[in-house]
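*Asks:* Contents of start36.tsv (TSV, N, CA and C atoms) are below:
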chain	number	residue	atom	x	y	z
A	10	GLU	N	131.39	34.52	109.21
A	10	GLU	CA	132.69	34.85	109.72
A	10	GLU	C	133.06	36.27	109.34
A	11	MET	N	133.85	36.90	110.18
A	11	MET	CA	134.28	38.24	109.90
A	11	MET	C	135.72	38.40	110.36
A	12	CYS	N	136.47	39.11	109.58
A	12	CYS	CA	137.85	39.41	109.96
A	12	CYS	C	138.04	40.91	109.79
A	13	ILE	N	138.50	41.58	110.83
A	13	ILE	CA	138.75	43.01	110.75
A	13	ILE	C	140.21	43.20	110.39
A	14	ARG	N	140.46	43.70	109.18
A	14	ARG	CA	141.83	43.85	108.71
A	14	ARG	C	142.30	45.30	108.75
A	15	ASP	N	141.38	46.21	108.87
A	15	ASP	CA	141.73	47.62	108.88
A	15	ASP	C	142.31	47.97	110.24
A	16	ARG	N	143.56	48.40	110.28
A	16	ARG	CA	144.23	48.68	111.57
A	16	ARG	C	143.52	49.79	112.35
A	17	TRP	N	142.92	50.77	111.67
A	17	TRP	CA	142.19	51.82	112.37
A	17	TRP	C	141.07	51.20	113.19
A	18	TYR	N	140.30	50.27	112.62
A	18	TYR	CA	139.23	49.62	113.36
A	18	TYR	C	139.77	48.77	114.49
A	19	GLN	N	140.88	48.10	114.26
A	19	GLN	CA	141.46	47.27	115.31
A	19	GLN	C	141.84	48.13	116.52
A	20	ARG	N	142.32	49.35	116.28
A	20	ARG	CA	142.73	50.22	117.38
A	20	ARG	C	141.56	51.00	117.96
A	21	ARG	N	140.64	51.46	117.13
A	21	ARG	CA	139.63	52.41	117.56
A	21	ARG	C	138.27	51.79	117.90
A	22	VAL	N	137.98	50.65	117.37
A	22	VAL	CA	136.67	50.05	117.58
A	22	VAL	C	136.87	48.70	118.26
A	23	HIS	N	136.11	48.46	119.28
A	23	HIS	CA	136.18	47.17	119.98
A	23	HIS	C	135.65	46.11	119.02
A	24	GLY	N	136.52	45.19	118.61
A	24	GLY	CA	136.18	44.19	117.60
A	24	GLY	C	134.99	43.32	117.96
A	25	ILE	N	134.84	42.99	119.24
A	25	ILE	CA	133.72	42.15	119.65
A	25	ILE	C	132.41	42.90	119.41
A	26	THR	N	132.37	44.16	119.80
A	26	THR	CA	131.16	44.96	119.61
A	26	THR	C	130.81	45.04	118.13
A	27	LEU	N	131.79	45.33	117.30
A	27	LEU	CA	131.54	45.44	115.87
A	27	LEU	C	131.03	44.12	115.30
A	28	SER	N	131.64	43.01	115.69
A	28	SER	CA	131.20	41.73	115.13
A	28	SER	C	129.75	41.42	115.53
A	29	TYR	N	129.36	41.75	116.77
A	29	TYR	CA	127.98	41.50	117.18
A	29	TYR	C	127.01	42.49	116.53
A	30	GLU	N	127.44	43.70	116.27
A	30	GLU	CA	126.57	44.64	115.54
A	30	GLU	C	126.32	44.11	114.12
A	31	LEU	N	127.34	43.52	113.52
A	31	LEU	CA	127.15	42.92	112.19
A	31	LEU	C	126.20	41.72	112.28
A	32	SER	N	126.26	40.98	113.38
A	32	SER	CA	125.32	39.88	113.59
A	32	SER	C	123.89	40.39	113.65
A	33	VAL	N	123.69	41.54	114.32
A	33	VAL	CA	122.36	42.14	114.40
A	33	VAL	C	121.88	42.52	113.00
A	34	ILE	N	122.75	43.15	112.22
A	34	ILE	CA	122.39	43.56	110.87
A	34	ILE	C	122.03	42.34	110.01
A	35	GLU	N	122.81	41.27	110.15
A	35	GLU	CA	122.55	40.05	109.38
A	35	GLU	C	121.38	39.24	109.92
A	36	GLY	N	120.99	39.51	111.18
A	36	GLY	CA	119.92	38.74	111.79
A	36	GLY	C	120.37	37.34	112.18
A	37	LYS	N	121.66	37.18	112.48
A	37	LYS	CA	122.22	35.89	112.85
A	37	LYS	C	122.85	35.97	114.23
A	38	VAL	N	122.62	34.94	115.03
A	38	VAL	CA	123.24	34.87	116.34
A	38	VAL	C	124.73	34.60	116.14
A	39	GLY	N	125.57	35.32	116.89
A	39	GLY	CA	127.01	35.19	116.72
A	39	GLY	C	127.68	34.47	117.87
A	40	THR	N	128.85	33.96	117.58
A	40	THR	CA	129.70	33.33	118.58
A	40	THR	C	131.12	33.36	118.04
A	41	PRO	N	132.11	33.46	118.91
A	41	PRO	CA	133.49	33.50	118.42
A	41	PRO	C	133.94	32.13	117.92
A	42	GLU	N	134.97	32.15	117.08
A	42	GLU	CA	135.57	30.89	116.66
A	42	GLU	C	136.22	30.24	117.86
A	43	ARG	N	136.17	28.94	117.91
A	43	ARG	CA	136.80	28.20	118.99
A	43	ARG	C	138.00	27.46	118.43
A	44	PRO	N	138.98	27.12	119.20
A	44	PRO	CA	139.10	27.41	120.63
A	44	PRO	C	139.53	28.86	120.86
A	45	LEU	N	139.11	29.39	122.00
A	45	LEU	CA	139.50	30.73	122.40
A	45	LEU	C	140.78	30.66	123.24
A	46	SER	N	141.63	31.65	123.07
A	46	SER	CA	142.78	31.76	123.97
A	46	SER	C	142.26	32.18	125.34
A	47	ASP	N	143.09	32.10	126.36
A	47	ASP	CA	142.68	32.54	127.70
A	47	ASP	C	142.27	34.01	127.69
A	48	LEU	N	143.06	34.84	127.02
A	48	LEU	CA	142.75	36.26	126.94
A	48	LEU	C	141.47	36.49	126.14
A	49	GLY	N	141.29	35.76	125.05
A	49	GLY	CA	140.08	35.88	124.24
A	49	GLY	C	138.84	35.50	125.04
A	50	ARG	N	138.93	34.40	125.79
A	50	ARG	CA	137.81	33.94	126.60
A	50	ARG	C	137.43	35.01	127.63
A	51	GLU	N	138.43	35.58	128.30
A	51	GLU	CA	138.15	36.62	129.29
A	51	GLU	C	137.53	37.86	128.65
A	52	SER	N	138.01	38.22	127.46
A	52	SER	CA	137.44	39.37	126.75
A	52	SER	C	135.98	39.14	126.41
A	53	TYR	N	135.67	37.95	125.88
A	53	TYR	CA	134.28	37.65	125.53
A	53	TYR	C	133.40	37.57	126.77
A	54	ILE	N	133.87	36.94	127.84
A	54	ILE	CA	133.06	36.85	129.06
A	54	ILE	C	132.74	38.24	129.58
A	55	SER	N	133.71	39.13	129.55
A	55	SER	CA	133.50	40.50	130.00
A	55	SER	C	132.44	41.18	129.13
A	56	TRP	N	132.59	41.05	127.82
A	56	TRP	CA	131.65	41.70	126.88
A	56	TRP	C	130.27	41.10	127.04
A	57	TRP	N	130.17	39.75	127.07
A	57	TRP	CA	128.86	39.10	127.23
A	57	TRP	C	128.21	39.51	128.54
A	58	THR	N	128.99	39.55	129.61
A	58	THR	CA	128.46	39.93	130.92
A	58	THR	C	127.81	41.30	130.86
A	59	GLN	N	128.51	42.26	130.27
A	59	GLN	CA	127.97	43.62	130.21
A	59	GLN	C	126.69	43.68	129.38
A	60	ARG	N	126.65	42.96	128.27
A	60	ARG	CA	125.44	42.98	127.44
A	60	ARG	C	124.27	42.29	128.13
A	61	ILE	N	124.54	41.19	128.80
A	61	ILE	CA	123.48	40.47	129.52
A	61	ILE	C	122.94	41.32	130.66
A	62	VAL	N	123.83	41.93	131.44
A	62	VAL	CA	123.40	42.80	132.54
A	62	VAL	C	122.59	43.98	132.00
A	63	GLN	N	123.04	44.59	130.91
A	63	GLN	CA	122.27	45.69	130.31
A	63	GLN	C	120.88	45.23	129.92
A	64	TYR	N	120.79	44.05	129.32
A	64	TYR	CA	119.49	43.53	128.91
A	64	TYR	C	118.58	43.34	130.14
A	65	ILE	N	119.12	42.71	131.19
A	65	ILE	CA	118.31	42.46	132.39
A	65	ILE	C	117.83	43.77	133.01
A	66	ARG	N	118.70	44.76	133.07
A	66	ARG	CA	118.32	46.07	133.62
A	66	ARG	C	117.18	46.70	132.80
A	67	GLU	N	117.25	46.57	131.49
A	67	GLU	CA	116.23	47.17	130.62
A	67	GLU	C	114.87	46.51	130.76
A	68	ARG	N	114.84	45.29	131.29
A	68	ARG	CA	113.58	44.57	131.44
A	68	ARG	C	112.73	45.12	132.59
A	69	ASN	N	113.34	45.84	133.53
A	69	ASN	CA	112.60	46.45	134.65
A	69	ASN	C	111.67	45.47	135.36
A	70	GLY	N	112.15	44.26	135.63
A	70	GLY	CA	111.35	43.29	136.35
A	70	GLY	C	110.45	42.42	135.49
A	71	GLU	N	110.35	42.71	134.21
A	71	GLU	CA	109.52	41.90	133.32
A	71	GLU	C	110.19	40.54	133.12
A	72	PRO	N	109.40	39.48	133.00
A	72	PRO	CA	109.99	38.15	132.79
A	72	PRO	C	110.72	38.05	131.45
A	73	PHE	N	111.73	37.19	131.42
A	73	PHE	CA	112.49	36.97	130.19
A	73	PHE	C	113.12	35.58	130.24
A	74	SER	N	113.60	35.14	129.11
A	74	SER	CA	114.22	33.82	129.01
A	74	SER	C	115.60	33.95	128.37
A	75	ILE	N	116.33	32.85	128.35
A	75	ILE	CA	117.63	32.82	127.67
A	75	ILE	C	117.42	33.15	126.19
A	76	ALA	N	116.35	32.60	125.61
A	76	ALA	CA	116.05	32.87	124.20
A	76	ALA	C	115.80	34.37	123.97
A	77	ASP	N	115.13	35.03	124.92
A	77	ASP	CA	114.89	36.47	124.81
A	77	ASP	C	116.21	37.25	124.82
A	78	ILE	N	117.11	36.86	125.73
A	78	ILE	CA	118.41	37.53	125.80
A	78	ILE	C	119.16	37.34	124.48
A	79	SER	N	119.15	36.11	123.97
A	79	SER	CA	119.85	35.80	122.72
A	79	SER	C	119.29	36.62	121.56
A	80	LYS	N	117.98	36.69	121.47
A	80	LYS	CA	117.35	37.44	120.37
A	80	LYS	C	117.70	38.93	120.43
A	81	ALA	N	117.76	39.47	121.63
A	81	ALA	CA	118.05	40.90	121.79
A	81	ALA	C	119.52	41.24	121.61
A	82	THR	N	120.40	40.33	122.01
A	82	THR	CA	121.84	40.62	121.99
A	82	THR	C	122.59	39.93	120.86
A	83	MET	N	121.97	38.92	120.24
A	83	MET	CA	122.58	38.08	119.21
A	83	MET	C	123.74	37.25	119.75
A	84	ILE	N	123.73	37.02	121.07
A	84	ILE	CA	124.71	36.14	121.70
A	84	ILE	C	124.12	34.73	121.70
A	85	LYS	N	124.91	33.75	121.32
A	85	LYS	CA	124.46	32.36	121.28
A	85	LYS	C	124.01	31.91	122.67
A	86	ASP	N	122.91	31.16	122.72
A	86	ASP	CA	122.35	30.76	124.01
A	86	ASP	C	123.34	30.00	124.89
A	87	SER	N	124.18	29.15	124.32
A	87	SER	CA	125.15	28.43	125.15
A	87	SER	C	126.19	29.38	125.73
A	88	ASP	N	126.53	30.46	125.01
A	88	ASP	CA	127.45	31.47	125.54
A	88	ASP	C	126.79	32.26	126.68
A	89	ILE	N	125.49	32.48	126.57
A	89	ILE	CA	124.74	33.17	127.64
A	89	ILE	C	124.74	32.31	128.90
A	90	VAL	N	124.40	31.05	128.75
A	90	VAL	CA	124.36	30.15	129.90
A	90	VAL	C	125.74	30.04	130.55
A	91	TYR	N	126.77	29.90	129.72
A	91	TYR	CA	128.14	29.82	130.24
A	91	TYR	C	128.48	31.07	131.06
A	92	THR	N	128.14	32.23	130.53
A	92	THR	CA	128.43	33.50	131.20
A	92	THR	C	127.64	33.63	132.50
A	93	LEU	N	126.36	33.29	132.47
A	93	LEU	CA	125.53	33.36	133.68
A	93	LEU	C	126.11	32.46	134.77
A	94	GLU	N	126.53	31.25	134.38
A	94	GLU	CA	127.11	30.33	135.36
A	94	GLU	C	128.45	30.84	135.86
A	95	LYS	N	129.28	31.32	134.96
A	95	LYS	CA	130.61	31.82	135.32
A	95	LYS	C	130.50	33.00	136.30
A	96	GLN	N	129.51	33.86	136.10
A	96	GLN	CA	129.31	35.04	136.94
A	96	GLN	C	128.43	34.74	138.16
A	97	LYS	N	128.06	33.49	138.32
A	97	LYS	CA	127.21	33.06	139.45
A	97	LYS	C	125.89	33.85	139.48
A	98	MET	N	125.33	34.06	138.30
A	98	MET	CA	124.07	34.79	138.17
A	98	MET	C	122.87	33.85	138.14
A	99	VAL	N	123.12	32.53	138.14
A	99	VAL	CA	122.04	31.55	138.08
A	99	VAL	C	121.92	30.88	139.45
A	100	LYS	N	120.70	30.83	139.94
A	100	LYS	CA	120.42	30.19	141.22
A	100	LYS	C	119.44	29.04	140.98
A	101	TYR	N	119.59	27.98	141.75
A	101	TYR	CA	118.70	26.82	141.65
A	101	TYR	C	117.90	26.70	142.94
A	102	LYS	N	116.57	26.67	142.80
A	102	LYS	CA	115.71	26.58	143.98
A	102	LYS	C	114.42	25.88	143.59
A	103	ASP	N	113.99	24.95	144.42
A	103	ASP	CA	112.73	24.22	144.22
A	103	ASP	C	112.63	23.64	142.80
A	104	ASN	N	113.70	22.98	142.37
A	104	ASN	CA	113.75	22.35	141.04
A	104	ASN	C	113.62	23.33	139.88
A	105	ASN	N	113.94	24.58	140.10
A	105	ASN	CA	113.89	25.59	139.05
A	105	ASN	C	115.16	26.43	139.05
A	106	TYR	N	115.52	26.92	137.90
A	106	TYR	CA	116.65	27.83	137.77
A	106	TYR	C	116.13	29.25	137.69
A	107	PHE	N	116.83	30.16	138.35
A	107	PHE	CA	116.46	31.57	138.35
A	107	PHE	C	117.69	32.40	138.01
A	108	ILE	N	117.49	33.45	137.25
A	108	ILE	CA	118.57	34.39	136.93
A	108	ILE	C	118.46	35.54	137.91
A	109	CYS	N	119.57	35.86	138.56
A	109	CYS	CA	119.58	36.93	139.54
A	109	CYS	C	119.35	38.27	138.86
A	110	THR	N	118.39	39.03	139.37
A	110	THR	CA	118.10	40.36	138.82
A	110	THR	C	118.26	41.47	139.86
A	111	ASP	N	118.85	41.15	141.00
A	111	ASP	CA	119.07	42.14	142.04
A	111	ASP	C	119.96	43.26	141.50
A	112	SER	N	119.52	44.49	141.58
A	112	SER	CA	120.23	45.62	140.97
A	112	SER	C	121.63	45.82	141.53
A	113	LYS	N	121.81	45.66	142.84
A	113	LYS	CA	123.14	45.82	143.44
A	113	LYS	C	124.09	44.73	142.95
A	114	PHE	N	123.61	43.49	142.91
A	114	PHE	CA	124.41	42.37	142.42
A	114	PHE	C	124.80	42.60	140.95
A	115	LEU	N	123.84	43.03	140.14
A	115	LEU	CA	124.12	43.29	138.72
A	115	LEU	C	125.13	44.43	138.55
A	116	GLU	N	125.01	45.46	139.36
A	116	GLU	CA	125.94	46.59	139.29
A	116	GLU	C	127.37	46.13	139.61
A	117	ASP	N	127.50	45.31	140.63
A	117	ASP	CA	128.83	44.79	141.01
A	117	ASP	C	129.43	43.95	139.88
A	118	ILE	N	128.63	43.08	139.31
A	118	ILE	CA	129.12	42.23	138.21
A	118	ILE	C	129.50	43.08	137.00
A	119	PHE	N	128.67	44.07	136.70
A	119	PHE	CA	128.95	44.95	135.56
A	119	PHE	C	130.28	45.67	135.75
A	120	LYS	N	130.51	46.20	136.95
A	120	LYS	CA	131.77	46.90	137.24
A	120	LYS	C	132.97	45.97	137.16
A	121	LYS	N	132.82	44.76	137.69
A	121	LYS	CA	133.92	43.79	137.66
A	121	LYS	C	134.26	43.34	136.24
A	122	ALA	N	133.30	43.46	135.33
A	122	ALA	CA	133.52	43.04	133.95
A	122	ALA	C	134.48	43.99	133.22
A	123	GLY	N	134.76	45.12	133.80
A	123	GLY	CA	135.72	46.04	133.19
A	123	GLY	C	135.06	47.15	132.41
A	124	ARG	N	135.91	47.90	131.74
A	124	ARG	CA	135.44	49.04	130.97
A	124	ARG	C	134.73	48.56	129.70
A	125	PRO	N	133.54	49.09	129.43
A	125	PRO	CA	132.86	48.70	128.19
A	125	PRO	C	133.67	49.10	126.96
A	126	GLY	N	133.51	48.34	125.90
A	126	GLY	CA	134.17	48.68	124.64
A	126	GLY	C	133.60	49.96	124.06
A	127	LEU	N	134.25	50.46	123.06
A	127	LEU	CA	133.76	51.66	122.39
A	127	LEU	C	132.39	51.39	121.78
A	128	HIS	N	131.54	52.38	121.81
A	128	HIS	CA	130.19	52.26	121.26
A	128	HIS	C	130.26	52.30	119.74
A	129	VAL	N	129.54	51.41	119.11
A	129	VAL	CA	129.48	51.37	117.65
A	129	VAL	C	128.09	51.83	117.24
A	130	LEU	N	128.03	52.82	116.35
A	130	LEU	CA	126.76	53.31	115.86
A	130	LEU	C	126.32	52.44	114.68
A	131	ARG	N	125.33	51.61	114.93
A	131	ARG	CA	124.87	50.66	113.91
A	131	ARG	C	124.48	51.35	112.61
A	132	GLU	N	123.86	52.52	112.73
A	132	GLU	CA	123.41	53.22	111.52
A	132	GLU	C	124.57	53.73	110.67
A	133	LYS	N	125.78	53.78	111.24
A	133	LYS	CA	126.96	54.23	110.50
A	133	LYS	C	127.70	53.07	109.82
A	134	ILE	N	127.27	51.84	110.10
A	134	ILE	CA	127.92	50.69	109.49
A	134	ILE	C	127.35	50.49	108.09
A	135	HIS	N	128.21	50.43	107.12
A	135	HIS	CA	127.81	50.15	105.74
A	135	HIS	C	128.27	48.73	105.44
A	136	TRP	N	127.36	47.80	105.57
A	136	TRP	CA	127.70	46.38	105.49
A	136	TRP	C	126.70	45.67	104.61
A	137	VAL	N	127.20	44.93	103.68
A	137	VAL	CA	126.35	44.10	102.84
A	137	VAL	C	126.70	42.65	103.16
A	138	PRO	N	125.79	41.94	103.81
A	138	PRO	CA	126.09	40.55	104.17
A	138	PRO	C	126.33	39.70	102.92
A	139	HIS	N	127.29	38.80	103.03
A	139	HIS	CA	127.59	37.88	101.94
A	139	HIS	C	126.50	36.83	101.90
A	140	LYS	N	125.87	36.68	100.74
A	140	LYS	CA	124.84	35.66	100.59
A	140	LYS	C	125.22	34.77	99.42
A	141	LEU	N	125.15	33.49	99.67
A	141	LEU	CA	125.43	32.54	98.61
A	141	LEU	C	124.24	32.48	97.68
A	142	ARG	N	124.51	32.56	96.40
A	142	ARG	CA	123.44	32.46	95.41
A	142	ARG	C	123.68	31.17	94.61
A	143	PRO	N	122.60	30.51	94.24
A	143	PRO	CA	122.78	29.32	93.41
A	143	PRO	C	123.33	29.73	92.04
A	144	ASP	N	124.10	28.83	91.44
A	144	ASP	CA	124.63	29.10	90.11
A	144	ASP	C	123.47	29.26	89.13
A	145	PRO	N	123.57	30.25	88.26
A	145	PRO	CA	122.50	30.43	87.26
A	145	PRO	C	122.45	29.23	86.30
A	146	ILE	N	121.28	28.92	85.90
A	146	ILE	CA	121.11	27.82	84.94
A	146	ILE	C	121.54	28.32	83.57
A	147	LEU	N	122.43	27.59	82.98
A	147	LEU	CA	122.95	27.99	81.66
A	147	LEU	C	122.17	27.38	80.55
Go ahead and render the structure in this file as structure tokens.

*Replies:*
Amino acid sequence: EMCIRDRWYQRRVHGITLSYELSVIEGKVGTPERPLSDLGRESYISWWTQRIVQYIRERNGEPFSIADISKATMIKDSDIVYTLEKQKMVKYKDNNYFICTDSKFLEDIFKKAGRPGLHVLREKIHWVPHKLRPDPIL
């Protein structure tokens, strides 16, 4: 869990981006706390959509899976599936599911998702993940 209490970060840094960058640093897949408000849900769908579309574009036609997207973006697989379905990016044909990779379609979805959040430079984050340690034996 992470809570951004510094008002400068709340105003200047897109909190979703920062929280997922911390997930990358920790090596843990992230997801927001539930339940989400309507505004929170829309914010996350927009952010997830942009990250998923970026990932698909970077693949340049190479095959990929939901697990591949999750590993690269640190977005939970169920959040990826929800976003793909919400954006109508999943097609069903001949008993198989396909993710749409048409560049024009992806561009339209990316634009509809809104303005991307501020870019966070991972190398500038000074973060020490909290790790539980067993009590020392006395």

*Asks:* Set the distance at 12 Å and use only C-alpha atoms: which residues neighbour A:Trp136 once local chain neighbours fewer than 6 positions away are removed? I'd like the list as an NGL selection string.

*Replies:* :A and (11 or 27-28 or 30-35)

*Asks:* Between atom C of A:Leu115 and atom C of A:Ser87, measure the distance and give it in Å to one decimal.

*Replies:*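 So the two atoms, atom C of A:Leu115 and atom C of A:Ser87, lie 19.8 Å apart.
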
*Asks:* Could you pull out all residues of stretch 19-126 of chain A with a DSSP call of strand (DSSP E or B) and give them as number ranges by chain?

*Replies:* A: 39, 84, 99-102, 105-108

*Asks:* Among chain A, which residues does DSSP mark as alpha helix (DSSP H) when it is run on the backbone? Keep the chain and numbering as in the structure and answer as a ChimeraX atom specification.

*Replies:* /A:16-21,24-35,47-68,75-82,86-95,112-121

*Asks:* Quote the spacing between atom N of A:Thr40 and atom C of A:Phe119 in Å to one decimal place.

*Replies:* 21.7 Å

*Asks:* As an exercise, work out the distance from atom CA of A:Tyr53 to atom N of A:Lys102 in Å and give it to one decimal place.

*Replies:* 27.1 Å

*Asks:* Excluding A:Thr58 and residues on its chain fewer than 6 positions from it, collect all residues at most 8 Å away from it, counting all atoms listed in the file, and give them as a PyMOL selection string.

*Replies:* chain A and resi 52+64+89+92-93+96+118-119+122

*Asks:* Between A:Ser55, A:Met83, A:Asn104, A:Asp111, which residue has the minimum interatomic distance to A:Gly36, considering only N, CA and C atoms?

*Replies:*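 Under the stated criterion, the closest residue is A:Met83.
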
*Asks:* Rank A:Gly39, A:Gly123, A:Gly49, A:Gly70 by their smallest atom-to-atom distance to A:Thr82, using all atoms listed in the file, and report the top residue only.

*Replies:*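 Ranking A:Gly39, A:Gly123, A:Gly49, A:Gly70 by distance to A:Thr82, first place goes to A:Gly39.
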
*Asks:* Provide an axis-aligned box for all listed atoms of stretch 23-41 of chain A, padding each side by 4 Å; report its centre and its edge lengths in Å to one decimal, as lines of an AutoDock Vina configuration file.

*Replies:*
center_x = 128.2
center_y = 40.3
center_z = 114.7
size_x = 24.6
size_y = 24.3
size_z = 18.6

*Asks:* Measuring between all atoms listed in the file, which one of A:Thr26, A:Gln63, A:Ser46, A:Ser79 shows the shortest distance to A:His128?

*Replies:*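 Smallest distance to A:His128 is found for A:Thr26.
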
*Asks:* I need the residue nearest A:Arg68 from this list: A:Ser112, A:Ile84, A:Arg43, A:Leu130. Use only C-alpha atoms for the distance.

*Replies:*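 The answer is A:Ser112, which sits nearest to A:Arg68.
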
*Asks:* Start from the incomplete input, build N, CA, C and O atoms for stretch 101-120 of chain A, and deliver everything as a short mmCIF file (atom, residue, chain, number, x, y, z; two decimals), in the frame of the given file.

*Replies:*
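Writing the result to rebuild_26.cif gives the following:
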data_model
loop_
_atom_site.label_atom_id
_atom_site.label_comp_id
_atom_site.auth_asym_id
_atom_site.auth_seq_id
_atom_site.Cartn_x
_atom_site.Cartn_y
_atom_site.Cartn_z
N TYR A 101 119.59 27.98 141.75
CA TYR A 101 118.70 26.82 141.65
C TYR A 101 117.90 26.70 142.94
O TYR A 101 118.47 26.67 144.03
N LYS A 102 116.57 26.67 142.80
CA LYS A 102 115.71 26.58 143.98
C LYS A 102 114.42 25.88 143.59
O LYS A 102 113.83 26.19 142.55
N ASP A 103 113.99 24.95 144.42
CA ASP A 103 112.73 24.22 144.22
C ASP A 103 112.63 23.64 142.80
O ASP A 103 111.62 23.81 142.11
N ASN A 104 113.70 22.98 142.37
CA ASN A 104 113.75 22.35 141.04
C ASN A 104 113.62 23.33 139.88
O ASN A 104 113.19 22.95 138.79
N ASN A 105 113.94 24.58 140.10
CA ASN A 105 113.89 25.59 139.05
C ASN A 105 115.16 26.43 139.05
O ASN A 105 115.76 26.65 140.10
N TYR A 106 115.52 26.92 137.90
CA TYR A 106 116.65 27.83 137.77
C TYR A 106 116.13 29.25 137.69
O TYR A 106 115.12 29.53 137.04
N PHE A 107 116.83 30.16 138.35
CA PHE A 107 116.46 31.57 138.35
C PHE A 107 117.69 32.40 138.01
O PHE A 107 118.80 32.10 138.48
N ILE A 108 117.49 33.45 137.25
CA ILE A 108 118.57 34.39 136.93
C ILE A 108 118.46 35.54 137.91
O ILE A 108 117.39 36.14 138.06
N CYS A 109 119.57 35.86 138.56
CA CYS A 109 119.58 36.93 139.54
C CYS A 109 119.35 38.27 138.86
O CYS A 109 120.02 38.61 137.89
N THR A 110 118.39 39.03 139.37
CA THR A 110 118.10 40.36 138.82
C THR A 110 118.26 41.47 139.86
O THR A 110 117.85 42.60 139.60
N ASP A 111 118.85 41.15 141.00
CA ASP A 111 119.07 42.14 142.04
C ASP A 111 119.96 43.26 141.50
O ASP A 111 121.06 43.01 140.99
N SER A 112 119.52 44.49 141.58
CA SER A 112 120.23 45.62 140.97
C SER A 112 121.63 45.82 141.53
O SER A 112 122.57 46.11 140.78
N LYS A 113 121.81 45.66 142.84
CA LYS A 113 123.14 45.82 143.44
C LYS A 113 124.09 44.73 142.95
O LYS A 113 125.24 45.00 142.59
N PHE A 114 123.61 43.49 142.91
CA PHE A 114 124.41 42.37 142.42
C PHE A 114 124.80 42.60 140.95
O PHE A 114 125.96 42.41 140.58
N LEU A 115 123.84 43.03 140.14
CA LEU A 115 124.12 43.29 138.72
C LEU A 115 125.13 44.43 138.55
O LEU A 115 126.01 44.35 137.68
N GLU A 116 125.01 45.46 139.36
CA GLU A 116 125.94 46.59 139.29
C GLU A 116 127.37 46.13 139.61
O GLU A 116 128.32 46.51 138.93
N ASP A 117 127.50 45.31 140.63
CA ASP A 117 128.83 44.79 141.01
C ASP A 117 129.43 43.95 139.88
O ASP A 117 130.61 44.09 139.56
N ILE A 118 128.63 43.08 139.31
CA ILE A 118 129.12 42.23 138.21
C ILE A 118 129.50 43.08 137.00
O ILE A 118 130.52 42.85 136.36
N PHE A 119 128.67 44.07 136.70
CA PHE A 119 128.95 44.95 135.56
C PHE A 119 130.28 45.67 135.75
O PHE A 119 131.10 45.72 134.84
N LYS A 120 130.51 46.20 136.95
CA LYS A 120 131.77 46.90 137.24
C LYS A 120 132.97 45.97 137.16
O LYS A 120 134.02 46.34 136.63
#
